[in-house]
Amino acid sequence: MNAKDLMMEMSALTAVSGREEAMARYLEEKLAPLGPVERLANHSVACRIAPVREGRPHLMLDAHLDEIGMMVTCLEEEGFLRVGACGGIDRRLLMASQVTVHAAGGDYSGVIASIPPHLQKGEDASRVPEMDDILVDVGYTGQRLRELFAPGDLVTLDHKTLQLQNGRLASKALDDRAGCAAILLAAERFAALAPDYGVTAVFSSMEELGSQGARTAAYAVNPTHAVTVDVSFGVAPGVSRREAGEIGAGPMIGISPILDHALTSRLIALAQREGIPFQREVMAGNTSTNADVIATTRGGVKTALVSIPQRNMHTPVEVMLPQDVEDTARLIALLAKEELA
């Protein structure tokens, strides 16, 4: 499959942090032809693309499979569901949004309650509500609500994948389904090229809650080297080029004190040699991605970060270019014929 098809299929799945089973099942099916697949305890998925050899390097490819969402925290007597955030959801988007509540008996449509502007006064008229103030209306009274729903039910914003002009896609959860697509495509190439060192592809859970899946997966896999693929900010109105990358200008290769300089330099040299467009993304501290926890696992892992530029991060209309994903996969796969040190 190509990046666009993979991104559209995966973005349609619901895999809120901590409840990633649907994405895990999907990935297990896709990875089965490439090597032995293992579901880890916290719903991360690992696939051994090339066998680990004693005394040889072992490369871990990582992208996170979870997405942001909400969870029901309380059932109100008046018939509303009170919710909390799972990950860094943008509260500015929520008022009057359409949602789906994923209950034990099925999925139910709902809307986030909104106070009419005519009734808002003073500071309340411009205040963004706190998560504790967010209520979902599914149309039921309190008694029926208690029969169908329970605290812990997931809530997701409704979305429709859009094909924009100039090849761009807009959808929810492209952070980090785009990274998952890049790793899948790279894993196919690694499997075909049969590198002389171990390769394990990992799709880690709970990144949006603090990278717990990557931390435990890296401990279990025990790699010597790693490449994490995530998304980063794309240039847009209000987002300067000093803080973001250009959509369509290729993968963003991370440069940070926590990242391995030699592995990062190798990726830059490979991109230059093969004519793959790329951008440098400089971070003076941590990267705020899975790369941070992978790099410090066990005795340390030589880690690089490749990010894909994205507009409207953590919204249901994240915008990306599939060609950037293809170029990311092509770049990472070039490591298959390289000696890692």
# chains A, B, ... in the order shown; residues from 1 in each chain; ligands from 1

call {"tool": "closest_atom_pairs", "arguments": {"of": "stretch 7-123 of chain A", "to": "stretch 131-137 of chain A", "cutoff": "12 Å", "atoms": "only C-alpha atoms", "output": "CSV"}}
result
residue,atom,partner,partner_atom,distance
A:Gly69,CA,A:Met131,CA,11.9
A:Met70,CA,A:Met131,CA,9.5
A:Met71,CA,A:Met131,CA,10.7
A:Val72,CA,A:Val136,CA,9.0
A:Thr73,CA,A:Asp132,CA,9.1
A:Cys74,CA,A:Leu135,CA,9.6
A:Leu75,CA,A:Leu135,CA,9.5
A:Glu76,CA,A:Leu135,CA,9.0
A:Glu78,CA,A:Asp137,CA,9.8
A:Gly79,CA,A:Asp137,CA,7.2
A:Phe80,CA,A:Asp137,CA,5.2
A:Leu81,CA,A:Val136,CA,4.9
A:Arg82,CA,A:Leu135,CA,4.7
A:Val83,CA,A:Ile134,CA,6.3
A:Gly84,CA,A:Met131,CA,5.8
A:Ala85,CA,A:Met131,CA,6.9
A:Cys86,CA,A:Met131,CA,10.7
A:Gly87,CA,A:Met131,CA,11.8
A:Gly88,CA,A:Met131,CA,11.1
A:Ile89,CA,A:Met131,CA,9.6
A:Asp90,CA,A:Met131,CA,9.9
A:Arg91,CA,A:Met131,CA,7.2
A:Arg92,CA,A:Met131,CA,10.4
A:Leu93,CA,A:Ile134,CA,11.4
A:Leu94,CA,A:Ile134,CA,8.1
A:Met95,CA,A:Ile134,CA,8.0
A:Ala96,CA,A:Val136,CA,9.3
A:Ser97,CA,A:Val136,CA,9.4
A:Gln98,CA,A:Val136,CA,9.2
A:Val99,CA,A:Val136,CA,8.1
A:Thr100,CA,A:Val136,CA,9.6
A:Val101,CA,A:Val136,CA,8.9
A:Tyr108,CA,A:Asp137,CA,10.4
A:Ser109,CA,A:Asp137,CA,8.9
A:Gly110,CA,A:Asp137,CA,5.5
A:Val111,CA,A:Asp137,CA,5.3
A:Ile112,CA,A:Val136,CA,4.4
A:Ala113,CA,A:Leu135,CA,5.7
A:Ser114,CA,A:Leu135,CA,8.6
A:Ile115,CA,A:Leu135,CA,10.9

call {"tool": "write_last_selection", "arguments": {"atoms": "N, CA, C and O atoms", "output": "short mmCIF file (atom, residue, chain, number, x, y, z; two decimals), in the first residue's frame"}}
result
data_model
loop_
_atom_site.label_atom_id
_atom_site.label_comp_id
_atom_site.auth_asym_id
_atom_site.auth_seq_id
_atom_site.Cartn_x
_atom_site.Cartn_y
_atom_site.Cartn_z
N GLY A 69 -8.11 11.92 22.79
CA GLY A 69 -9.57 11.76 22.87
C GLY A 69 -10.04 12.19 24.23
O GLY A 69 -9.37 12.95 24.95
N MET A 70 -11.21 11.69 24.61
CA MET A 70 -11.80 12.02 25.91
C MET A 70 -12.35 10.75 26.54
O MET A 70 -12.54 9.73 25.88
N MET A 71 -12.64 10.84 27.85
CA MET A 71 -13.19 9.71 28.59
C MET A 71 -14.29 10.23 29.51
O MET A 71 -14.14 11.28 30.14
N VAL A 72 -15.39 9.49 29.58
CA VAL A 72 -16.49 9.85 30.48
C VAL A 72 -16.02 9.72 31.92
O VAL A 72 -15.49 8.68 32.32
N THR A 73 -16.22 10.77 32.69
CA THR A 73 -15.82 10.75 34.10
C THR A 73 -17.00 10.70 35.05
O THR A 73 -16.86 10.25 36.20
N CYS A 74 -18.18 11.17 34.59
CA CYS A 74 -19.32 11.25 35.48
C CYS A 74 -20.61 11.31 34.67
O CYS A 74 -20.64 11.90 33.58
N LEU A 75 -21.67 10.69 35.17
CA LEU A 75 -22.99 10.77 34.55
C LEU A 75 -23.84 11.72 35.39
O LEU A 75 -24.11 11.46 36.57
N GLU A 76 -24.26 12.83 34.78
CA GLU A 76 -25.01 13.85 35.49
C GLU A 76 -26.50 13.51 35.53
O GLU A 76 -27.04 12.91 34.59
N GLU A 78 -29.02 15.29 35.11
CA GLU A 78 -29.82 15.94 34.06
C GLU A 78 -29.71 15.24 32.72
O GLU A 78 -30.35 15.64 31.74
N GLY A 79 -28.85 14.21 32.60
CA GLY A 79 -28.75 13.48 31.35
C GLY A 79 -27.51 13.79 30.54
O GLY A 79 -27.43 13.41 29.37
N PHE A 80 -26.53 14.46 31.12
CA PHE A 80 -25.30 14.81 30.42
C PHE A 80 -24.14 13.93 30.89
O PHE A 80 -24.14 13.42 32.02
N LEU A 81 -23.16 13.77 30.02
CA LEU A 81 -21.93 13.06 30.34
C LEU A 81 -20.83 14.07 30.56
O LEU A 81 -20.55 14.89 29.68
N ARG A 82 -20.18 14.01 31.70
CA ARG A 82 -19.03 14.86 31.96
C ARG A 82 -17.78 14.09 31.53
O ARG A 82 -17.69 12.88 31.72
N VAL A 83 -16.82 14.78 30.91
CA VAL A 83 -15.67 14.09 30.32
C VAL A 83 -14.35 14.71 30.78
O VAL A 83 -14.30 15.84 31.24
N GLY A 84 -13.28 13.93 30.65
CA GLY A 84 -11.92 14.39 30.88
C GLY A 84 -11.08 14.12 29.64
O GLY A 84 -11.46 13.31 28.78
N ALA A 85 -9.94 14.77 29.55
CA ALA A 85 -9.09 14.65 28.37
C ALA A 85 -8.16 13.45 28.49
O ALA A 85 -7.59 13.20 29.55
N CYS A 86 -7.98 12.72 27.39
CA CYS A 86 -6.94 11.70 27.25
C CYS A 86 -5.91 12.26 26.28
O CYS A 86 -6.07 12.17 25.06
N GLY A 87 -4.87 12.88 26.80
CA GLY A 87 -3.89 13.53 25.95
C GLY A 87 -4.20 15.01 25.80
O GLY A 87 -5.15 15.55 26.38
N GLY A 88 -3.39 15.68 24.97
CA GLY A 88 -3.44 17.14 24.88
C GLY A 88 -4.48 17.66 23.92
O GLY A 88 -4.15 18.34 22.94
N ILE A 89 -5.74 17.38 24.17
CA ILE A 89 -6.81 17.85 23.29
C ILE A 89 -6.97 19.37 23.43
O ILE A 89 -6.81 19.94 24.52
N ASP A 90 -7.24 20.03 22.32
CA ASP A 90 -7.38 21.48 22.28
C ASP A 90 -8.82 21.85 22.67
O ASP A 90 -9.76 21.64 21.91
N ARG A 91 -8.99 22.40 23.87
CA ARG A 91 -10.33 22.70 24.37
C ARG A 91 -11.05 23.75 23.53
O ARG A 91 -12.29 23.83 23.55
N ARG A 92 -10.31 24.56 22.80
CA ARG A 92 -10.93 25.59 21.98
C ARG A 92 -11.82 25.00 20.89
O ARG A 92 -12.70 25.67 20.36
N LEU A 93 -11.57 23.73 20.54
CA LEU A 93 -12.32 23.10 19.46
C LEU A 93 -13.63 22.47 19.90
O LEU A 93 -14.45 22.09 19.07
N LEU A 94 -13.81 22.34 21.20
CA LEU A 94 -14.82 21.41 21.67
C LEU A 94 -16.24 21.94 21.64
O LEU A 94 -17.18 21.18 21.38
N MET A 95 -16.44 23.20 21.95
CA MET A 95 -17.80 23.68 22.12
C MET A 95 -18.63 23.48 20.86
O MET A 95 -18.25 23.86 19.76
N ALA A 96 -19.80 22.84 21.04
CA ALA A 96 -20.76 22.56 19.96
C ALA A 96 -20.24 21.55 18.94
O ALA A 96 -20.79 21.44 17.85
N SER A 97 -19.19 20.80 19.28
CA SER A 97 -18.68 19.78 18.37
C SER A 97 -19.56 18.54 18.40
O SER A 97 -20.21 18.22 19.40
N GLN A 98 -19.55 17.80 17.29
CA GLN A 98 -20.21 16.50 17.23
C GLN A 98 -19.21 15.43 17.69
O GLN A 98 -18.03 15.48 17.34
N VAL A 99 -19.69 14.48 18.49
CA VAL A 99 -18.83 13.46 19.05
C VAL A 99 -19.48 12.09 18.91
O VAL A 99 -20.68 11.97 18.62
N THR A 100 -18.68 11.05 19.14
CA THR A 100 -19.18 9.69 19.27
C THR A 100 -18.77 9.17 20.64
O THR A 100 -17.60 9.28 21.03
N VAL A 101 -19.74 8.61 21.36
CA VAL A 101 -19.47 7.99 22.65
C VAL A 101 -19.40 6.48 22.42
O VAL A 101 -20.35 5.88 21.91
N TYR A 108 -22.60 5.78 20.12
CA TYR A 108 -23.74 6.69 20.17
C TYR A 108 -23.29 8.09 19.78
O TYR A 108 -22.25 8.57 20.24
N SER A 109 -24.08 8.74 18.94
CA SER A 109 -23.79 10.12 18.55
C SER A 109 -24.16 11.07 19.68
O SER A 109 -25.12 10.83 20.43
N GLY A 110 -23.38 12.12 19.79
CA GLY A 110 -23.67 13.14 20.78
C GLY A 110 -23.12 14.48 20.34
O GLY A 110 -22.44 14.58 19.31
N VAL A 111 -23.44 15.50 21.11
CA VAL A 111 -22.89 16.83 20.85
C VAL A 111 -22.40 17.40 22.18
O VAL A 111 -22.90 17.04 23.25
N ILE A 112 -21.40 18.26 22.09
CA ILE A 112 -20.91 18.93 23.29
C ILE A 112 -21.78 20.16 23.53
O ILE A 112 -21.98 20.99 22.63
N ALA A 113 -22.36 20.23 24.74
CA ALA A 113 -23.31 21.28 25.07
C ALA A 113 -22.65 22.65 24.99
O ALA A 113 -21.48 22.82 25.35
N SER A 114 -23.42 23.60 24.52
CA SER A 114 -22.92 24.97 24.35
C SER A 114 -23.94 25.96 24.89
O SER A 114 -25.15 25.81 24.68
N ILE A 115 -23.46 26.95 25.63
CA ILE A 115 -24.33 28.02 26.13
C ILE A 115 -24.53 29.04 25.02
O ILE A 115 -23.55 29.53 24.45
#

call {"tool": "residues_around", "arguments": {"residues": "A:Gln310", "least_positions_apart": "2", "cutoff": "10 Å", "atoms": "only C-alpha atoms", "output": "ChimeraX atom specification"}}
result
/A:170,174-175,178,230-236,244-248,307-308,312-314,318-321,324

call {"tool": "closest_residue", "arguments": {"among": "A:Thr296, A:Ser240, A:Ser11, A:Asn286", "to": "A:Lys172", "atoms": "only C-alpha atoms"}}
result
A:Ser11

call {"tool": "residues_around", "arguments": {"residues": "A:Ser211", "least_positions_apart": "4", "cutoff": "9 Å", "atoms": "only C-alpha atoms", "output": "ChimeraX atom specification"}}
result
/A:64,204-207,215-216,289-290,292-293

call {"tool": "closest_residue", "arguments": {"among": "A:Gly139, A:Arg127, A:Leu305, A:Ala150", "to": "A:Gly105", "atoms": "only C-alpha atoms"}}
result
A:Ala150

call {"tool": "atom_distance", "arguments": {"atom1": "atom CA of A:Val16", "atom2": "atom CA of A:Ala186"}}
result
24.6 Å

call {"tool": "residues_around", "arguments": {"residues": "A:Val306", "least_positions_apart": "4", "cutoff": "8 Å", "atoms": "only C-alpha atoms", "output": "JSON, numbers by chain"}}
result
{"A": [227, 228, 229, 230, 251, 252, 253, 254, 328]}

call {"tool": "write_last_selection", "arguments": {"atoms": "N, CA and C atoms", "output": "mmCIF file, in the first residue's frame"}}
result
data_model
loop_
_atom_site.group_PDB
_atom_site.id
_atom_site.type_symbol
_atom_site.label_atom_id
_atom_site.label_comp_id
_atom_site.auth_asym_id
_atom_site.auth_seq_id
_atom_site.Cartn_x
_atom_site.Cartn_y
_atom_site.Cartn_z
ATOM 1 N N VAL A 227 15.323 4.720 15.669
ATOM 2 C CA VAL A 227 14.822 5.877 14.925
ATOM 3 C C VAL A 227 13.341 6.018 15.262
ATOM 4 N N THR A 228 12.981 7.139 15.848
ATOM 5 C CA THR A 228 11.582 7.448 16.143
ATOM 6 C C THR A 228 11.027 8.336 15.034
ATOM 7 N N VAL A 229 9.793 8.045 14.629
ATOM 8 C CA VAL A 229 9.106 8.871 13.637
ATOM 9 C C VAL A 229 7.848 9.451 14.287
ATOM 10 N N ASP A 230 7.749 10.771 14.277
ATOM 11 C CA ASP A 230 6.578 11.461 14.810
ATOM 12 C C ASP A 230 6.232 12.598 13.862
ATOM 13 N N PRO A 251 11.006 15.153 5.099
ATOM 14 C CA PRO A 251 11.089 14.877 6.534
ATOM 15 C C PRO A 251 11.978 15.868 7.266
ATOM 16 N N MET A 252 11.657 16.058 8.543
ATOM 17 C CA MET A 252 12.407 16.958 9.407
ATOM 18 C C MET A 252 13.314 16.099 10.287
ATOM 19 N N ILE A 253 14.621 16.199 10.084
ATOM 20 C CA ILE A 253 15.588 15.415 10.855
ATOM 21 C C ILE A 253 15.933 16.186 12.118
ATOM 22 N N GLY A 254 15.676 15.556 13.274
ATOM 23 C CA GLY A 254 15.838 16.234 14.541
ATOM 24 C C GLY A 254 17.288 16.383 14.956
ATOM 25 N N THR A 328 9.951 10.030 4.079
ATOM 26 C CA THR A 328 10.437 9.614 5.392
ATOM 27 C C THR A 328 10.764 8.127 5.397
#

call {"tool": "residues_around", "arguments": {"residues": "A:Ala192", "least_positions_apart": "3", "cutoff": "10 Å", "atoms": "only C-alpha atoms", "output": "compact mmCIF listing (two decimals) with N, CA, C and O atoms, in the first residue's frame"}}
result
# COMPACT_ATOMS: atom_id res chain seq x y z
N LEU A 34 5.89 -9.81 7.45
CA LEU A 34 7.26 -9.28 7.54
C LEU A 34 8.11 -9.96 8.60
O LEU A 34 9.34 -9.84 8.58
N ILE A 49 11.76 -7.68 12.22
CA ILE A 49 11.94 -7.62 10.77
C ILE A 49 13.20 -8.37 10.34
O ILE A 49 13.22 -9.05 9.31
N ALA A 50 14.26 -8.25 11.11
CA ALA A 50 15.52 -8.96 10.84
C ALA A 50 16.01 -9.52 12.16
O ALA A 50 15.94 -8.84 13.19
N ALA A 186 8.77 1.56 5.58
CA ALA A 186 10.20 1.32 5.77
C ALA A 186 10.45 -0.14 6.15
O ALA A 186 11.43 -0.75 5.70
N ALA A 187 9.57 -0.71 6.98
CA ALA A 187 9.73 -2.11 7.40
C ALA A 187 9.66 -3.05 6.21
O ALA A 187 10.41 -4.04 6.15
N GLU A 188 8.78 -2.78 5.26
CA GLU A 188 8.72 -3.60 4.04
C GLU A 188 10.06 -3.58 3.31
O GLU A 188 10.54 -4.62 2.83
N ARG A 189 10.68 -2.41 3.23
CA ARG A 189 11.95 -2.29 2.52
C ARG A 189 13.08 -2.96 3.30
O ARG A 189 13.96 -3.60 2.72
N PRO A 195 19.02 -6.64 6.09
CA PRO A 195 20.26 -6.09 6.66
C PRO A 195 20.97 -7.13 7.53
O PRO A 195 20.34 -8.08 8.02
N ALA A 336 19.30 0.34 5.86
CA ALA A 336 19.40 -1.12 5.76
C ALA A 336 20.72 -1.58 5.19
O ALA A 336 21.20 -2.67 5.51

call {"tool": "closest_residue", "arguments": {"among": "A:Ala104, A:Val52, A:Ala194, A:Ala22", "to": "A:Pro223", "atoms": "only C-alpha atoms"}}
result
A:Val52

call {"tool": "closest_residue", "arguments": {"among": "A:Met23, A:Leu65, A:Cys47, A:Leu31", "to": "A:Glu208", "atoms": "only C-alpha atoms"}}
result
A:Leu65

call {"tool": "residues_around", "arguments": {"residues": "A:Tyr219", "least_positions_apart": "4", "cutoff": "12 Å", "atoms": "only C-alpha atoms", "output": "PyMOL selection string"}}
result
chain A and resi 40+60+202+212-215+223-224+293-301

call {"tool": "write_last_selection", "arguments": {"atoms": "N, CA, C and O atoms", "output": "PDB file, in the first residue's frame"}}
result
ATOM      1  N   LEU A  40       2.620  -6.484  23.040  1.00  0.00           N
ATOM      2  CA  LEU A  40       3.148  -6.266  24.379  1.00  0.00           C
ATOM      3  C   LEU A  40       2.003  -5.988  25.350  1.00  0.00           C
ATOM      4  O   LEU A  40       0.861  -5.750  24.954  1.00  0.00           O
ATOM      5  N   MET A  60      15.839  -0.324  16.403  1.00  0.00           N
ATOM      6  CA  MET A  60      14.406  -0.246  16.696  1.00  0.00           C
ATOM      7  C   MET A  60      13.808   0.926  15.931  1.00  0.00           C
ATOM      8  O   MET A  60      14.296   2.056  16.005  1.00  0.00           O
ATOM      9  N   VAL A 202       8.471  -1.145  16.109  1.00  0.00           N
ATOM     10  CA  VAL A 202       7.614  -1.015  17.286  1.00  0.00           C
ATOM     11  C   VAL A 202       6.599   0.082  17.053  1.00  0.00           C
ATOM     12  O   VAL A 202       6.946   1.184  16.588  1.00  0.00           O
ATOM     13  N   GLN A 212       4.673   6.150  27.798  1.00  0.00           N
ATOM     14  CA  GLN A 212       4.852   4.938  28.594  1.00  0.00           C
ATOM     15  C   GLN A 212       5.068   3.709  27.711  1.00  0.00           C
ATOM     16  O   GLN A 212       5.862   2.815  28.048  1.00  0.00           O
ATOM     17  N   GLY A 213       4.370   3.629  26.575  1.00  0.00           N
ATOM     18  CA  GLY A 213       4.520   2.477  25.696  1.00  0.00           C
ATOM     19  C   GLY A 213       5.909   2.368  25.105  1.00  0.00           C
ATOM     20  O   GLY A 213       6.471   1.270  25.011  1.00  0.00           O
ATOM     21  N   ALA A 214       6.483   3.481  24.699  1.00  0.00           N
ATOM     22  CA  ALA A 214       7.833   3.466  24.138  1.00  0.00           C
ATOM     23  C   ALA A 214       8.855   3.107  25.201  1.00  0.00           C
ATOM     24  O   ALA A 214       9.835   2.400  24.930  1.00  0.00           O
ATOM     25  N   ARG A 215       8.650   3.573  26.427  1.00  0.00           N
ATOM     26  CA  ARG A 215       9.589   3.272  27.499  1.00  0.00           C
ATOM     27  C   ARG A 215       9.636   1.765  27.771  1.00  0.00           C
ATOM     28  O   ARG A 215      10.714   1.166  27.849  1.00  0.00           O
ATOM     29  N   PRO A 223      17.226  -2.436  22.140  1.00  0.00           N
ATOM     30  CA  PRO A 223      18.011  -2.124  20.948  1.00  0.00           C
ATOM     31  C   PRO A 223      19.311  -1.408  21.289  1.00  0.00           C
ATOM     32  O   PRO A 223      19.487  -0.884  22.400  1.00  0.00           O
ATOM     33  N   THR A 224      20.207  -1.360  20.317  1.00  0.00           N
ATOM     34  CA  THR A 224      21.402  -0.526  20.430  1.00  0.00           C
ATOM     35  C   THR A 224      21.194   0.827  19.756  1.00  0.00           C
ATOM     36  O   THR A 224      21.822   1.817  20.117  1.00  0.00           O
ATOM     37  N   VAL A 293      12.561   9.064  25.779  1.00  0.00           N
ATOM     38  CA  VAL A 293      12.576   7.934  26.713  1.00  0.00           C
ATOM     39  C   VAL A 293      13.340   6.749  26.130  1.00  0.00           C
ATOM     40  O   VAL A 293      13.962   5.986  26.876  1.00  0.00           O
ATOM     41  N   ILE A 294      13.312   6.582  24.820  1.00  0.00           N
ATOM     42  CA  ILE A 294      14.064   5.484  24.209  1.00  0.00           C
ATOM     43  C   ILE A 294      15.562   5.700  24.412  1.00  0.00           C
ATOM     44  O   ILE A 294      16.309   4.780  24.744  1.00  0.00           O
ATOM     45  N   ALA A 295      16.021   6.936  24.213  1.00  0.00           N
ATOM     46  CA  ALA A 295      17.454   7.245  24.319  1.00  0.00           C
ATOM     47  C   ALA A 295      18.010   6.938  25.698  1.00  0.00           C
ATOM     48  O   ALA A 295      19.208   6.648  25.840  1.00  0.00           O
ATOM     49  N   THR A 296      17.156   6.985  26.722  1.00  0.00           N
ATOM     50  CA  THR A 296      17.631   6.794  28.094  1.00  0.00           C
ATOM     51  C   THR A 296      17.192   5.456  28.685  1.00  0.00           C
ATOM     52  O   THR A 296      17.202   5.275  29.902  1.00  0.00           O
ATOM     53  N   THR A 297      16.805   4.507  27.846  1.00  0.00           N
ATOM     54  CA  THR A 297      16.410   3.184  28.315  1.00  0.00           C
ATOM     55  C   THR A 297      17.633   2.317  28.603  1.00  0.00           C
ATOM     56  O   THR A 297      18.626   2.363  27.869  1.00  0.00           O
ATOM     57  N   ARG A 298      17.529   1.513  29.651  1.00  0.00           N
ATOM     58  CA  ARG A 298      18.620   0.625  30.082  1.00  0.00           C
ATOM     59  C   ARG A 298      19.933   1.417  30.155  1.00  0.00           C
ATOM     60  O   ARG A 298      20.017   2.445  30.811  1.00  0.00           O
ATOM     61  N   GLY A 299      20.959   0.955  29.433  1.00  0.00           N
ATOM     62  CA  GLY A 299      22.240   1.654  29.450  1.00  0.00           C
ATOM     63  C   GLY A 299      22.350   2.754  28.431  1.00  0.00           C
ATOM     64  O   GLY A 299      23.423   3.334  28.249  1.00  0.00           O
ATOM     65  N   GLY A 300      21.243   3.072  27.739  1.00  0.00           N
ATOM     66  CA  GLY A 300      21.239   4.108  26.711  1.00  0.00           C
ATOM     67  C   GLY A 300      21.136   3.529  25.319  1.00  0.00           C
ATOM     68  O   GLY A 300      21.665   2.457  25.031  1.00  0.00           O
ATOM     69  N   VAL A 301      20.415   4.225  24.443  1.00  0.00           N
ATOM     70  CA  VAL A 301      20.191   3.795  23.059  1.00  0.00           C
ATOM     71  C   VAL A 301      20.551   4.955  22.137  1.00  0.00           C
ATOM     72  O   VAL A 301      20.105   6.091  22.351  1.00  0.00           O
TER      73      VAL A 301
END

call {"tool": "atom_distance", "arguments": {"atom1": "atom CA of A:Glu21", "atom2": "atom CA of A:Asp158"}}
result
19.2 Å

call {"tool": "select_by_dssp", "arguments": {"residues": "stretch 51-114 of chain A", "states": "strand (DSSP E or B)", "output": "PyMOL selection string"}}
result
chain A and resi 58-64+67+69-75+80-86+98-103+106-112
